[in-house]
Protein chains: 2
Amino acid sequence: VTSKAQLELRTALGEAGWITGIASQPYTEDWLKLSANPALGVARPNSTEAVADCVRLCREHHIALVPQGGKTGMVLGSVPGKPEQATVILSLERMHRIEHIDPIGGTVCVEAGVVLDQLQQVLGENNLQIPLHLGSSGSAQIGGLISTNAGGSHAFRDGMMAEQVLGLEVVLPSGDIWQGNRALLKDNAGYALRRLFCGAEGTLGIVTRATLQAVNKPADITTLLLSCENLENALALLGLCRAHTGKLLNAAEFMHAVGVNWVTQHCRDVSFPLESVPPYTVLLEFVSPNAALQLEPIVDHLLSEAMQRELVSDGVQASSEQQRAAMWALRESIPEGQRLHGRQLKHDVAVPVAQIANFIAAASAAVQNIMAGTLVNPFGHMADGNVHFNLSPPAGADIEFFERSDAFNKAVYDTVVQFNGSIAAEHGLGRAKVALADRVRPEVERALMRTIKAAIDPSGFMNPGVIVHMDNDSH
Amino acid sequence: VTSKAQLELRTALGEAGWITGIASQPYTEDWLKLSANPALGVARPNSTEAVADCVRLCREHHIALVPQGGKTGMVLGSVPGKPEQATVILSLERMHRIEHIDPIGGTVCVEAGVVLDQLQQVLGENNLQIPLHLGSSGSAQIGGLISTNAGGSHAFRDGMMAEQVLGLEVVLPSGDIWQGNRALLKDNAGYALRRLFCGAEGTLGIVTRATLQAVNKPADITTLLLSCENLENALALLGLCRAHTGKLLNAAEFMHAVGVNWVTQHCRDVSFPLESVPPYTVLLEFVSPNAALQLEPIVDHLLSEAMQRELVSDGVQASSEQQRAAMWALRESIPEGQRLHGRQLKHDVAVPVAQIANFIAAASAAVQNIMAGTLVNPFGHMADGNVHFNLSPPAGADIEFFERSDAFNKAVYDTVVQFNGSIAAEHGLGRAKVALADRVRPEVERALMRTIKAAIDPSGFMNPGVIVHMDNDSH
């Protein structure tokens, strides 16, 4: 049956649209390279209709369909799940047109395969930008960003990717095309369908086209790197920012000394601009919509209050775009620094903002209980409670450490649940975290997700094994 | 069967929780008083568990369940649909606790029956507010605002009600309680369930508790009323605001002379502060998060550019909170002015922002074609394309005018569809607009909504007839 299916897919998609054999290999693993299960082939449709053809053929032939964007995911959501399952990868990379920019309404219509940085560049020529800032923007595609509901550094103010989506065109599991690609901020004519596909990780349909909100680029940016003795001080500093600067606050990132030191040790061209690495380094950024609106007096006032209250012990303000870029490079190199240090256990969690310090204290104690000397590297987005809680083994203890991976994960996620948090803040569940999620999510919630999946994808062939396990996952 | 059901409901809910007879009558009609179908009774549960009991009993006894908030809806979504259908109204009015405010995280947890203005007052004592501004805030309840995904004047910047919702507790049609009431800005652990219930108008479950985002109150507000000769100028003015003030823009409302004149004629205590009523009056509001951040130079610069480009012919700035309140009273009295003028046809639509002027021109021409002299009163929220396009008959032509209601509605909604707009921008579909929606929405979209409804409420007893018609609507 698969050779017949392959022939039909090749006929439907054309030569440039169907890749098999050795050429398909790079599509079977993402950047983390944790898994490389083979695929029957890679579909590369260049139109929504071709996507619909591919969806119909896969359903008819009982082939699992795995949609793929820029392969920057963390949870194995865009690569084949099981070697024994006939799987087609559907890459949106050939659908990369930026179709329409409306500067008055502040909207842009794009195909799903457009890379975020390329979109930002074109929007920038119109003094616009998508308010989404994340490390993978050089590869991440709009369809993937939507399907994973990407987060990043501005989400606390501008929302996650879902909040940028005004309209969507989606190929449903039936092969029907849902034309919901409207440029509307307000649309209450029925269920919020577009919201259902945001973060559904390709399990309910394939996003082929979207209309996004774009905002004017700021006229002025002030970026600071500050030293805090502890997280309680960093959170109090965040409280000051909220009170004094409201929506002018553009980012409030935090980094632990463990992660900062790895960056300065392992990452060339990234340096730390303060005299010594403090327990916690905070990156604050403020933006002004108008050059006439001076940030300096407000930031000065904020800092003097922070100093007076001894929330901050040292700090530096970027005096050039180059210095600003260096501060962000430091923050964004934290994952790479840890990767270069060696193997690790990653946790992308969220807790209520006011509980960040308590959570990190509790989770750190729990992992030290499992193995004393475990290196805890917490960092992330302070203003939305998103903590990347990554663990590395004590020197020379790799084997014993990773033998206890399940215990570490259980300890971290149980602590998250105690704080009424999320075990998957911005990276999603993919295939990697479904079993973990099932251990902690309420049965009612899991059942509701299964109900939705079964209703919209009754044959269960759309990215099976992602988000929820279904009885027909291995059809 | 109904007397047995009534007895069981009364036993489950207690004496204060079950109202019948003449006492239930006020619950059967909303403020528009367009319909007053009787109900078996009104359930007034005081806990989530009591809501769940009520849901289970109604399902078992094949009784339609209509959830009700502050009865400020426009589309008959919260009152019984058919006189022949056994219906229970479920009012959340006894669940009105404000349970927890977190000033550091900027979140608040409330029961569904809390009235928006009451919440704003309590939040205000903490220098916080929900960024939601609408005329019905003195009666509208949080559960209803969530279930209808309320819009209002700040939605263009802060999002609609759905965007304020971080977590929800919902009683499902099964009677199970979904505990999703988390205080998290980032939560990608599966499908965005909370988003599904926002705007579902009580057809998928009953919202009983929510955690909302709260933001700091502004330190300074500047409000202006400006005269524009036409909508093109008003839109160009909006473009200037976006470019110069970004997220400092708090509101951009527009009103047509027809509506303004009705207000000054019919509404006591509301006056027009400019010398003469222009074709279009624009209300602009800017906010500053910090008293040290002066809005004046930016607003002055904006206005001088607007004057120079002849976008604005006259204007006044509020110099006191009283004057500011008067400007908003003018804007918010537009619906009341038209109501006092006489019977009307209301349309709450959205089009892409850049198309507002073209849409109003095309829709106005279409209605004049049906009856010359029809009074067109367009007003609304310029920055999100939300146009309230209300029609009143020419003097003395009431009967002929309302005989052509269907033709008027068809003309307006067909024009909306031409502009790829929404026929229900912020008021929802309720019962009043389902048939209208079915005439224009794509069959794929309607089928998807029916699939979701059937999956989550298979017996179809939750607010039947609202959003989508189902085959079992009259079970």
# chains A, B, ... in the order shown; residues from 1 in each chain; ligands from 1
$ residues_around --residues "range 282-287 of chain A" --least-positions-apart "6" --cutoff "7 Å" --atoms "only C-alpha atoms" --output "number ranges by chain"
A: 218, 220-227, 248-255
$ interface_residues --of "chain B" --to "chain A" --cutoff "6 Å" --atoms "only C-alpha atoms" --output "MDAnalysis selection string"
chainID B and resid 104:105 178 183:191 200 239 244:246 289:290 352:354 384 422 424:426 428:429 444 467
$ residues_around --residues "Ser47 in chain B" --least-positions-apart "6" --cutoff "9 Å" --atoms "only C-alpha atoms" --output "number ranges by chain"
B: 94-95, 208
$ select_by_dssp --residues "range 346-410 of chain A" --states "helix (DSSP H, G or I)" --output "count of residues only"
33
$ atom_distance --atom1 "CA of Ala112 in chain B" --atom2 "CA of Ser147 in chain B"
10.0 Å
